[in-house]
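> What follows is target.txt, compact mmCIF, C-alpha atoms and all ligand atoms.
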```txt
# COMPACT_ATOMS: atom_id res chain seq x y z
CA MET G 98 -13.09 20.77 23.40
CA HIS G 99 -9.49 20.92 22.21
CA PRO G 100 -8.86 23.83 19.75
CA ALA G 101 -9.10 22.76 16.11
CA PRO G 102 -5.97 22.97 13.91
CA ALA G 103 -6.00 25.56 11.14
CA LEU G 104 -8.25 24.88 8.18
CA GLU G 105 -6.61 26.05 4.95
CA HIS G 106 -8.36 26.85 1.69
CA HIS G 107 -7.30 25.87 -1.85
CA VAL G 108 -4.20 23.88 -1.05
CA SER G 109 -2.14 22.15 -3.73
CA LEU G 110 -1.95 18.40 -3.06
CA ARG G 111 1.13 17.97 -5.22
CA PRO G 112 3.49 17.33 -2.26
CA TYR G 113 0.97 14.91 -0.75
CA ASN G 114 0.53 12.33 -3.50
CA THR G 115 3.33 10.13 -4.82
CA PHE G 116 2.10 10.44 -8.42
CA GLY G 117 3.02 14.12 -8.01
CA LEU G 118 -0.29 15.30 -9.48
CA ASP G 119 -1.00 18.99 -9.11
CA VAL G 120 -4.60 19.04 -7.94
CA THR G 121 -6.15 21.33 -5.34
CA ALA G 122 -8.11 20.56 -2.18
CA ARG G 123 -10.89 23.02 -1.34
CA LEU G 124 -10.11 22.57 2.37
CA PHE G 125 -7.05 21.08 4.05
CA ALA G 126 -5.96 20.48 7.65
CA ARG G 127 -3.43 18.35 9.49
CA PHE G 128 -3.99 16.66 12.84
CA THR G 129 -1.42 15.30 15.26
CA SER G 130 -3.69 13.75 17.90
CA VAL G 131 -7.09 12.16 18.39
CA GLU G 132 -8.22 15.35 20.16
CA GLU G 133 -7.23 17.53 17.20
CA LEU G 134 -9.02 15.17 14.83
CA ARG G 135 -12.19 15.31 16.96
CA ALA G 136 -12.03 19.11 17.05
CA LEU G 137 -11.69 19.23 13.26
CA LEU G 138 -14.60 16.87 12.73
CA ALA G 139 -16.76 19.08 14.95
CA LEU G 140 -16.29 22.13 12.67
CA PRO G 141 -19.47 22.77 10.64
CA GLU G 142 -17.40 23.38 7.48
CA VAL G 143 -15.73 19.99 7.91
CA GLN G 144 -18.97 18.23 8.83
CA ALA G 145 -20.63 19.44 5.65
CA ALA G 146 -17.71 18.47 3.39
CA GLU G 147 -16.67 15.21 1.78
CA LYS G 148 -13.65 13.96 3.72
CA LEU G 149 -10.45 12.38 2.50
CA VAL G 150 -7.93 11.18 5.05
CA LEU G 151 -4.43 11.26 3.66
CA GLY G 152 -1.47 9.29 4.92
CA GLY G 153 1.49 9.20 2.56
CA GLY G 154 -0.70 9.61 -0.54
CA SER G 155 1.06 6.60 -2.05
CA ASN G 156 -2.00 4.69 -3.20
CA LEU G 157 -4.06 7.44 -4.80
CA LEU G 158 -4.69 8.74 -8.30
CA PHE G 159 -6.33 12.17 -8.35
CA THR G 160 -8.15 12.75 -11.63
CA ARG G 161 -9.59 16.13 -10.56
CA ASP G 162 -9.48 18.75 -7.83
CA PHE G 163 -10.89 17.56 -4.52
CA ASP G 164 -14.02 19.52 -3.62
CA GLY G 165 -14.00 18.53 0.05
CA VAL G 166 -11.68 18.51 3.03
CA VAL G 167 -8.37 16.66 3.07
CA LEU G 168 -7.38 15.62 6.58
CA LYS G 169 -3.71 14.77 6.80
CA ASN G 170 -2.97 12.24 9.50
CA GLU G 171 0.19 13.25 11.38
CA ILE G 172 -0.35 11.30 14.62
CA ARG G 173 3.15 10.23 15.67
CA GLY G 174 4.57 7.87 18.25
CA LEU G 175 6.48 4.57 18.28
CA GLU G 176 6.73 2.50 21.43
CA ILE G 177 6.91 -0.98 22.83
CA ALA G 178 3.59 -1.14 24.62
CA HIS G 179 4.18 -4.51 26.21
CA GLN G 180 6.68 -7.36 26.00
CA ASP G 181 7.36 -10.81 27.30
CA GLU G 182 10.12 -13.31 26.62
CA ASP G 183 8.94 -14.25 23.17
CA THR G 184 7.15 -11.27 21.71
CA ALA G 185 6.81 -7.50 21.87
CA LEU G 186 3.69 -5.49 21.24
CA VAL G 187 4.68 -2.44 19.22
CA ARG G 188 2.32 0.51 19.05
CA ALA G 189 2.67 3.06 16.27
CA GLY G 190 0.81 6.29 15.57
CA ALA G 191 -1.05 6.16 12.27
CA GLY G 192 0.88 9.12 10.85
CA GLU G 193 4.30 7.49 11.25
CA SER G 194 5.97 6.37 8.03
CA TRP G 195 5.67 2.63 7.51
CA HIS G 196 9.36 2.21 6.71
CA GLY G 197 10.22 4.26 9.82
CA LEU G 198 8.30 1.67 11.84
CA VAL G 199 10.19 -1.16 10.12
CA GLN G 200 13.50 0.50 11.04
CA TYR G 201 12.35 1.06 14.63
CA THR G 202 11.55 -2.65 15.02
CA LEU G 203 14.98 -3.60 13.60
CA ASP G 204 16.64 -1.22 16.10
CA GLN G 205 14.70 -2.98 18.88
CA ASP G 206 15.99 -6.40 17.70
CA LEU G 207 12.50 -7.43 16.67
CA SER G 208 11.52 -9.28 13.53
CA GLY G 209 8.37 -9.93 11.56
CA ILE G 210 8.02 -6.97 9.20
CA GLU G 211 11.49 -6.86 7.60
CA ASN G 212 10.05 -8.30 4.35
CA LEU G 213 7.80 -5.23 4.20
CA SER G 214 10.75 -2.82 4.09
CA LEU G 215 10.60 0.33 1.98
CA ILE G 216 6.87 0.19 1.26
CA PRO G 217 5.85 3.83 0.83
CA GLY G 218 3.02 5.26 2.90
CA THR G 219 2.02 5.52 6.53
CA VAL G 220 1.28 3.08 9.34
CA GLY G 221 -2.39 4.08 9.33
CA ALA G 222 -2.83 3.23 5.66
CA ALA G 223 -1.17 -0.18 5.99
CA PRO G 224 -4.20 -2.05 7.38
CA LEU G 225 -6.64 -0.52 4.89
CA GLN G 226 -5.18 -2.61 2.12
CA ASN G 227 -3.32 -5.18 4.19
CA ILE G 228 0.00 -4.24 2.60
CA GLY G 229 2.11 -7.14 1.42
CA ALA G 230 5.39 -7.89 -0.32
CA TYR G 231 8.06 -10.59 -0.61
CA GLY G 232 6.08 -13.33 1.07
CA ALA G 233 4.69 -11.32 4.02
CA GLU G 234 1.52 -9.39 4.71
CA LEU G 235 0.57 -6.95 7.44
CA LYS G 236 -2.02 -9.40 8.78
CA ASP G 237 0.74 -11.89 9.72
CA THR G 238 1.87 -9.70 12.64
CA PHE G 239 -1.15 -7.45 13.16
CA GLU G 240 -2.67 -7.42 16.65
CA GLN G 241 -5.19 -4.57 16.66
CA LEU G 242 -5.85 -0.99 15.67
CA GLU G 243 -7.69 1.98 17.06
CA ALA G 244 -9.89 4.05 14.80
CA LEU G 245 -12.15 7.00 15.28
CA GLU G 246 -15.68 6.75 13.98
CA THR G 247 -16.25 9.87 11.90
CA ALA G 248 -19.98 10.09 12.62
CA THR G 249 -19.70 9.85 16.42
CA GLY G 250 -16.12 10.82 17.33
CA GLN G 251 -15.87 7.55 19.31
CA LEU G 252 -12.65 5.53 19.37
CA ARG G 253 -13.05 1.85 18.62
CA THR G 254 -10.63 -1.07 18.73
CA PHE G 255 -10.55 -3.59 15.87
CA SER G 256 -8.95 -7.02 16.22
CA ALA G 257 -7.38 -8.73 13.20
CA ALA G 258 -10.56 -10.76 12.68
CA GLU G 259 -12.68 -7.61 12.80
CA CYS G 260 -10.50 -5.99 10.14
CA GLY G 261 -11.49 -8.72 7.66
CA PHE G 262 -8.09 -8.84 5.97
CA GLY G 263 -7.74 -10.32 2.51
CA TYR G 264 -5.37 -9.83 -0.41
CA ARG G 265 -5.02 -6.00 -0.47
CA GLU G 266 -8.41 -5.87 1.28
CA SER G 267 -10.01 -5.01 4.62
CA VAL G 268 -13.41 -3.94 5.95
CA PHE G 269 -12.14 -0.35 5.69
CA LYS G 270 -12.15 -0.66 1.89
CA GLY G 271 -15.43 -2.59 1.94
CA PRO G 272 -18.44 -2.33 4.29
CA LEU G 273 -16.86 0.29 6.59
CA LYS G 274 -15.40 2.45 3.82
CA ASN G 275 -14.98 6.13 4.85
CA GLN G 276 -16.54 5.50 8.27
CA PHE G 277 -13.41 5.19 10.42
CA ILE G 278 -10.08 7.00 10.64
CA VAL G 279 -7.23 4.83 11.88
CA THR G 280 -5.33 6.52 14.71
CA SER G 281 -2.90 3.80 15.86
CA VAL G 282 -1.83 0.26 15.07
CA ARG G 283 -0.39 -2.50 17.25
CA LEU G 284 1.75 -5.34 15.92
CA ARG G 285 2.85 -8.42 17.83
CA LEU G 286 6.43 -9.18 16.81
CA PRO G 287 8.52 -12.22 17.71
CA ARG G 288 11.92 -11.82 19.33
CA ARG G 289 13.14 -15.05 17.78
CA HIS G 290 13.71 -14.52 14.10
CA GLN G 291 12.24 -16.94 11.60
CA PRO G 292 13.68 -15.79 8.30
CA ASN G 293 11.24 -15.78 5.43
CA VAL G 294 13.39 -15.92 2.29
CA ARG G 295 11.29 -18.12 0.03
CA TYR G 296 9.98 -15.34 -2.20
CA GLY G 297 11.59 -14.62 -5.56
CA ASP G 298 15.05 -13.15 -5.49
CA ILE G 299 15.62 -12.78 -1.73
CA GLN G 300 17.90 -15.80 -1.46
CA THR G 301 20.06 -14.87 -4.45
CA THR G 302 20.21 -11.23 -3.37
CA LEU G 303 21.46 -12.32 0.08
CA GLN G 304 24.14 -14.40 -1.66
CA ASP G 305 25.13 -11.45 -3.83
CA MET G 306 25.42 -9.40 -0.64
CA GLY G 307 27.87 -12.00 0.71
CA ILE G 308 25.57 -13.11 3.55
CA GLU G 309 26.32 -16.67 4.56
CA GLY G 310 24.44 -18.73 7.14
CA GLU G 311 21.18 -17.54 8.63
CA PRO G 312 20.33 -13.95 7.67
CA THR G 313 19.33 -11.45 10.37
CA PRO G 314 16.15 -9.35 10.00
CA ARG G 315 18.40 -6.43 9.00
CA HIS G 316 20.02 -8.51 6.24
CA ILE G 317 16.58 -9.39 4.89
CA SER G 318 15.48 -5.77 5.12
CA GLU G 319 18.55 -4.76 3.10
CA ALA G 320 17.95 -7.50 0.52
CA VAL G 321 14.29 -6.55 0.09
CA SER G 322 15.21 -2.86 -0.14
CA SER G 323 17.77 -3.61 -2.81
CA ILE G 324 15.27 -5.67 -4.87
CA ARG G 325 12.66 -2.94 -4.54
CA ARG G 326 15.13 -0.24 -5.58
CA SER G 327 16.08 -2.27 -8.66
CA LYS G 328 12.49 -2.85 -9.84
CA LEU G 329 10.27 -0.11 -8.48
CA PRO G 330 10.66 3.57 -9.30
CA ASP G 331 11.41 5.90 -6.38
CA PRO G 332 8.41 8.27 -6.10
CA ALA G 333 10.81 11.08 -5.16
CA GLN G 334 12.21 10.78 -8.70
CA ILE G 335 9.37 9.39 -10.84
CA GLY G 336 5.76 9.79 -9.78
CA ASN G 337 4.02 6.45 -9.17
CA ALA G 338 1.84 4.59 -6.69
CA GLY G 339 3.46 1.15 -6.71
CA SER G 340 1.41 -1.64 -8.25
CA PHE G 341 -1.43 0.01 -10.13
CA PHE G 342 -3.40 -3.25 -10.46
CA LYS G 343 -4.04 -6.23 -8.21
CA ASN G 344 -2.85 -9.64 -9.30
CA PRO G 345 -6.00 -11.36 -10.58
CA GLU G 346 -7.24 -14.77 -9.50
CA VAL G 347 -8.63 -17.22 -12.05
CA SER G 348 -10.22 -20.65 -11.68
CA GLN G 349 -8.04 -23.73 -12.13
CA ALA G 350 -9.99 -24.56 -15.32
CA LYS G 351 -9.39 -21.08 -16.76
CA PHE G 352 -5.71 -21.30 -15.82
CA ASP G 353 -5.32 -24.72 -17.52
CA GLU G 354 -6.99 -23.39 -20.64
CA LEU G 355 -4.69 -20.34 -20.76
CA LYS G 356 -1.64 -22.45 -20.01
CA ARG G 357 -2.30 -24.47 -23.17
CA ARG G 358 -2.18 -21.25 -25.22
CA PHE G 359 0.50 -19.41 -23.22
CA GLU G 360 2.99 -21.99 -22.01
CA ALA G 361 5.09 -19.54 -19.97
CA LEU G 362 2.13 -18.15 -17.99
CA PRO G 363 3.17 -18.05 -14.32
CA GLY G 364 0.64 -18.87 -11.60
CA TYR G 365 0.53 -19.40 -7.84
CA PRO G 366 -2.11 -21.67 -6.27
CA VAL G 367 -4.48 -19.90 -3.87
CA PRO G 368 -7.61 -21.24 -2.19
CA GLY G 369 -10.20 -21.56 -4.94
CA GLY G 370 -7.96 -21.00 -7.93
CA VAL G 371 -4.70 -19.63 -9.25
CA LYS G 372 -3.22 -16.15 -8.84
CA VAL G 373 -1.61 -14.80 -11.99
CA PRO G 374 0.91 -11.92 -12.01
CA ALA G 375 -0.73 -8.92 -13.66
CA GLY G 376 2.75 -7.64 -14.53
CA TRP G 377 3.30 -10.66 -16.78
CA LEU G 378 -0.07 -10.22 -18.54
CA ILE G 379 0.57 -6.52 -19.12
CA GLU G 380 4.08 -7.16 -20.39
CA GLN G 381 2.75 -9.78 -22.86
CA CYS G 382 0.37 -7.15 -24.23
CA GLY G 383 3.42 -5.06 -25.09
CA TRP G 384 2.98 -2.30 -22.54
CA LYS G 385 6.16 -2.59 -20.52
CA GLY G 386 8.28 0.56 -20.85
CA GLN G 387 5.78 2.27 -23.19
CA ARG G 388 5.80 6.01 -22.83
CA ARG G 389 3.16 8.53 -23.84
CA GLY G 390 5.01 11.78 -23.36
CA SER G 391 4.29 12.68 -19.77
CA HIS G 392 3.28 9.22 -18.50
CA GLY G 393 3.62 5.53 -19.18
CA VAL G 394 4.36 2.02 -17.94
CA HIS G 395 7.51 1.44 -15.90
CA ASP G 396 10.29 -0.29 -17.84
CA ARG G 397 11.27 -2.72 -15.07
CA GLN G 398 7.86 -3.65 -13.64
CA ALA G 399 4.83 -3.51 -15.93
CA LEU G 400 2.44 -3.35 -12.96
CA VAL G 401 3.57 0.19 -12.19
CA LEU G 402 2.27 3.26 -14.05
CA VAL G 403 4.44 6.34 -13.91
CA ASN G 404 4.19 10.10 -14.22
CA HIS G 405 7.37 11.17 -16.01
CA GLY G 406 6.44 14.77 -15.22
CA GLY G 407 3.48 16.97 -15.97
CA ALA G 408 0.92 14.20 -16.50
CA GLN G 409 -2.73 14.71 -15.58
CA GLY G 410 -4.50 12.11 -13.48
CA GLN G 411 -7.01 11.50 -16.30
CA ASP G 412 -4.15 10.59 -18.67
CA ILE G 413 -2.94 7.91 -16.28
CA ARG G 414 -6.48 6.66 -15.66
CA ASP G 415 -7.13 6.43 -19.42
CA LEU G 416 -3.92 4.48 -19.90
CA ALA G 417 -4.99 2.13 -17.10
CA TYR G 418 -8.34 1.52 -18.85
CA GLU G 419 -6.56 0.79 -22.14
CA ILE G 420 -4.34 -1.71 -20.38
CA ILE G 421 -7.36 -3.36 -18.76
CA ALA G 422 -9.05 -3.63 -22.18
CA SER G 423 -6.02 -5.16 -23.87
CA VAL G 424 -5.51 -7.76 -21.11
CA ARG G 425 -9.22 -8.63 -21.33
CA GLU G 426 -8.94 -8.98 -25.10
CA LYS G 427 -5.84 -11.19 -25.10
CA PHE G 428 -6.40 -13.32 -21.99
CA GLY G 429 -10.06 -12.91 -21.04
CA ILE G 430 -8.95 -11.75 -17.60
CA GLU G 431 -10.31 -8.64 -15.89
CA LEU G 432 -7.72 -6.53 -14.09
CA HIS G 433 -8.79 -4.34 -11.18
CA PRO G 434 -6.94 -1.23 -10.01
CA GLU G 435 -5.26 -1.51 -6.65
CA VAL G 436 -4.84 2.25 -6.52
CA ASN G 437 -7.73 4.37 -5.29
CA ILE G 438 -8.91 6.51 -8.23
CA LEU G 439 -10.51 9.79 -7.17
N1 LIG T 501 6.29 -10.15 -14.09
C1 LIG T 501 6.54 -10.00 -15.44
N2 LIG T 501 6.72 -8.75 -15.94
C2 LIG T 501 6.66 -7.65 -15.17
C3 LIG T 501 6.41 -7.78 -13.79
C4 LIG T 501 6.20 -9.04 -13.27
O1 LIG T 501 6.61 -10.96 -16.17
O2 LIG T 501 6.84 -6.54 -15.72
C5 LIG T 501 6.05 -11.50 -13.53
C6 LIG T 501 7.28 -12.34 -13.35
O3 LIG T 501 6.92 -13.64 -13.71
C7 LIG T 501 7.55 -12.32 -11.86
C8 LIG T 501 6.14 -12.20 -11.31
O4 LIG T 501 5.44 -11.41 -12.27
O5 LIG T 501 8.17 -13.48 -11.46
C9 LIG T 501 6.07 -11.52 -9.96
O6 LIG T 501 6.69 -10.23 -10.03
P1 LIG T 501 7.11 -9.45 -8.71
O7 LIG T 501 7.87 -10.31 -7.80
O8 LIG T 501 7.72 -8.16 -9.13
O9 LIG T 501 5.73 -9.20 -7.97
P2 LIG T 501 4.28 -8.76 -8.47
O10 LIG T 501 3.36 -9.90 -8.29
O11 LIG T 501 4.35 -8.12 -9.80
C10 LIG T 501 3.54 -8.07 -6.05
C11 LIG T 501 2.95 -6.91 -5.33
C12 LIG T 501 4.02 -5.83 -5.08
C13 LIG T 501 5.12 -6.45 -4.27
C14 LIG T 501 5.70 -7.64 -5.04
C15 LIG T 501 6.76 -8.37 -4.26
C16 LIG T 501 0.62 -6.83 -5.98
C17 LIG T 501 -0.43 -6.09 -6.74
N3 LIG T 501 1.85 -6.35 -6.08
O12 LIG T 501 3.93 -7.65 -7.36
O13 LIG T 501 3.41 -4.81 -4.31
O14 LIG T 501 6.16 -5.50 -4.01
O15 LIG T 501 4.63 -8.59 -5.30
O16 LIG T 501 6.17 -9.13 -3.26
O17 LIG T 501 0.30 -7.81 -5.32
C18 LIG T 501 2.31 -2.69 -4.39
O18 LIG T 501 1.31 -3.26 -3.93
O19 LIG T 501 2.30 -1.45 -4.62
C19 LIG T 501 3.50 -3.47 -4.67
C20 LIG T 501 4.58 -2.93 -5.25
```
For this file, produce the structure as structure tokens.

Amino acid sequence: MHPAPALEHHVSLRPYNTFGLDVTARLFARFTSVEELRALLALPEVQAAEKLVLGGGSNLLFTRDFDGVVLKNEIRGLEIAHQDEDTALVRAGAGESWHGLVQYTLDQDLSGIENLSLIPGTVGAAPLQNIGAYGAELKDTFEQLEALETATGQLRTFSAAECGFGYRESVFKGPLKNQFIVTSVRLRLPRRHQPNVRYGDIQTTLQDMGIEGEPTPRHISEAVSSIRRSKLPDPAQIGNAGSFFKNPEVSQAKFDELKRRFEALPGYPVPGGVKVPAGWLIEQCGWKGQRRGSHGVHDRQALVLVNHGGAQGQDIRDLAYEIIASVREKFGIELHPEVNIL
């Protein structure tokens, strides 16, 4: 058996969560390979403990110290595993940064994930919630992933169908929760670029950038990055975990009824109903830009809760529950957190 990496005791998780919350993990270790991960999982102390695998910590709200073992995934590696005339199969280690992977694909003249530029977090976390933004989702280019089964130490391959992707959903958040640790991801990316500029402000941002004619993947990446920078707080400056809530879906009948009362209510048709932007609902309840000392609601995107400095996880969770209650009261819609609350 490969030697196990060092197991540390009482480690502050502040550098490892983008909310910047100062909680402590009872045990903490990093792994850079499947072998190191297996060796860690074989340690009796680790076996007996509750496990939390951490990527970039960009989708987590810690409300208390973690009384288990935090395993930080630092498996690296970016390569073109296979290519033909039309596509390339890119393989990335789960511990790589997602945006680093996006930049790598742009450097290789590949397209397909440029709309997902600047999403915080790691490659390994991306499939768990099928990350999405600006008209694209991970599942659009996903080919397969490898994951280690915690109970057996066996590596298993999951196809896109086996991952059960939905809106910010996968089997790894549902029936297989906490059973597998993603170790690598493969994407199939087209060489021929089909620009996807339908969403929101991409087109106008490209115009503002002076891009005429068909934009390259790099142009789109720059446009998306500029929109994100203008709306979403940079976790390096203000603690946050991106969208705190999912955009809820309502039935067509419910949407029609609300539309009669709230004429400006936006909605996007989805199979089985209408998706409504939670940011709009929250803003209408008066929350946008509200600050409660150490924490609050972002002033340019009401879907994002922020730690201005020194907030406790419970404060942010309580604010989230108040927001949920007020949206329920005003619109009769139930919001659900997108962020994992621990
Ligand atoms: N809106 C408001 N007020 C707000 C925010 C939004 O009225 O404060 C309304 C506007 O009508 C706007 C619409 O909501 O036109 C959509 O806003 P935006 O384009 O900012 O997107 P979103 O639906 O609020 C989702 C994702 C984001 C992703 C953007 C862009 C979810 C939960 N969030 O937000 O993802 O970046 O679309 O595609 O689906 C994340 O998951 O962490 C995340 C940031």
> Mind giving me the axis-aligned box for ligand LIG 501 (chain T) with 3 Å on every side, centre plus edges in Å to one decimal, as lines of an AutoDock Vina configuration file?

```
center_x = 3.9
center_y = -7.5
center_z = -9.7
size_x = 14.6
size_y = 18.2
size_z = 18.9
```
> Compile the contact shell of Gly383 in chain G as a PyMOL selection string: residues with an atom at most 10 Å away, counting only C-alpha atoms, same-chain residues fewer than 5 positions apart removed.
chain G and resi 378+399+420+423
> Would you please work out which residue, of G:Ser318, G:Gln387, G:Gln276, G:Ser340, is nearest to Pro374 in chain G when using all atoms listed in the file?
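For Pro374 in chain G, the nearest of the candidates is G:Ser340.
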> Within 9 Å of ligand LIG 501 (chain T) (counting all atoms listed in the file), which residues show up? I'd like them as an NGL selection string.
:G and (155-156 or 212-213 or 216-217 or 226 or 228-233 or 264-265 or 296-298 or 321 or 324-325 or 328-329 or 338-345 or 361-364 or 373-381 or 384-386 or 395-401 or 434-436)
> Can you pull out the residues contacting range 258-260 of chain G? Cut-off 8 Å, using only C-alpha atoms, and skip same-chain residues under 5 positions away; I want them as a list in words.
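Contacts, with the query itself left out: Pro224, Ser267, Val268 and Phe269 of chain G.
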> Just checking: using only C-alpha atoms, which residue out of G:Glu431, G:Glu142, G:Glu105, G:Glu211 ends up closest to Pro314 in chain G?
G:Glu211
> What does the distance from CA of Leu149 in chain G to CA of Leu168 in chain G come to in Å, to one decimal?
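Separating CA of Leu149 in chain G from CA of Leu168 in chain G is a distance of 6.0 Å.
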> May I ask which of the residues G:Gly152, G:Gly263, G:Pro312, G:Gly406 is the closest one to Phe116 in chain G, counting all atoms listed in the file?
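Closest residue, counting all atoms listed in the file: G:Gly406.
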> Given only C-alpha atoms as the basis, pick out the residue of G:Ser348, G:Thr249, G:Asn404, G:Thr202 nearest to Arg388 in chain G.
G:Asn404
> Do you have the CA of Gly221 in chain G-CA of Pro112 in chain G distance handy?
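Spanning CA of Gly221 in chain G to CA of Pro112 in chain G is a straight-line distance of 18.6 Å.
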> List every protein, DNA or RNA residue with an atom no more than 6 Å from (6.2, 7.0, -15.4) in the file's coordinates, counting only C-alpha atoms, and format the result as an MDAnalysis selection string.
chainID G and resid 392:395 402:405
> Per residue of range 203-303 of chain G within 10 Å of range 120-138 of chain G, which atom pair is closest and at what distance in Å (one decimal), using only C-alpha atoms, listed by chain and increasing number, as a tab-separated table?

```
residue	atom	partner	partner_atom	distance
G:Ala244	CA	G:Val131	CA	9.3
G:Leu245	CA	G:Val131	CA	7.9
G:Glu246	CA	G:Arg135	CA	9.7
G:Thr247	CA	G:Leu138	CA	7.2
G:Ala248	CA	G:Leu138	CA	8.7
G:Thr249	CA	G:Arg135	CA	9.3
G:Gly250	CA	G:Arg135	CA	6.0
G:Gln251	CA	G:Arg135	CA	8.9
G:Leu252	CA	G:Val131	CA	8.7
G:Ile278	CA	G:Leu134	CA	9.2
G:Val279	CA	G:Val131	CA	9.8
G:Thr280	CA	G:Val131	CA	7.0
G:Ser281	CA	G:Val131	CA	9.7
```
> Measuring atom to atom with only C-alpha atoms, identify which of G:Asp181, G:Glu234, G:Glu360, G:Asp119 is nearest to Glu266 in chain G.
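So, comparing all the options, the nearest one is G:Glu234.
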> What is the distance, in Å and to one decimal place, between CA of Asp204 in chain G and CA of Tyr113 in chain G?
28.1 Å
> So that I can see what lies close to Glu346 in chain G, please list as a compact mmCIF listing (two decimals) with C-alpha atoms, in the frame of the given file the residues with an atom at most 8 Å from it, counting all atoms listed in the file and leaving out residues fewer than 3 positions away in the same chain.

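Once everything was written out, this is part37.txt:
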```txt
# COMPACT_ATOMS: atom_id res chain seq x y z
CA GLY G 370 -7.96 -21.00 -7.93
CA VAL G 371 -4.70 -19.63 -9.25
CA LYS G 372 -3.22 -16.15 -8.84
CA VAL G 373 -1.61 -14.80 -11.99
```
> Restricting the calculation to all atoms listed in the file: of G:Leu207, G:Val220, G:Ile317, G:Cys382, which residue gets closest to Thr184 in chain G?
G:Leu207
> Name all residues at most 10 Å from Phe159 in chain G (count only C-alpha atoms; drop same-chain ones fewer than 5 positions away) and give them as a ChimeraX atom specification.
/G:110-111,114,116-121,154,409-411,413-414,437-439
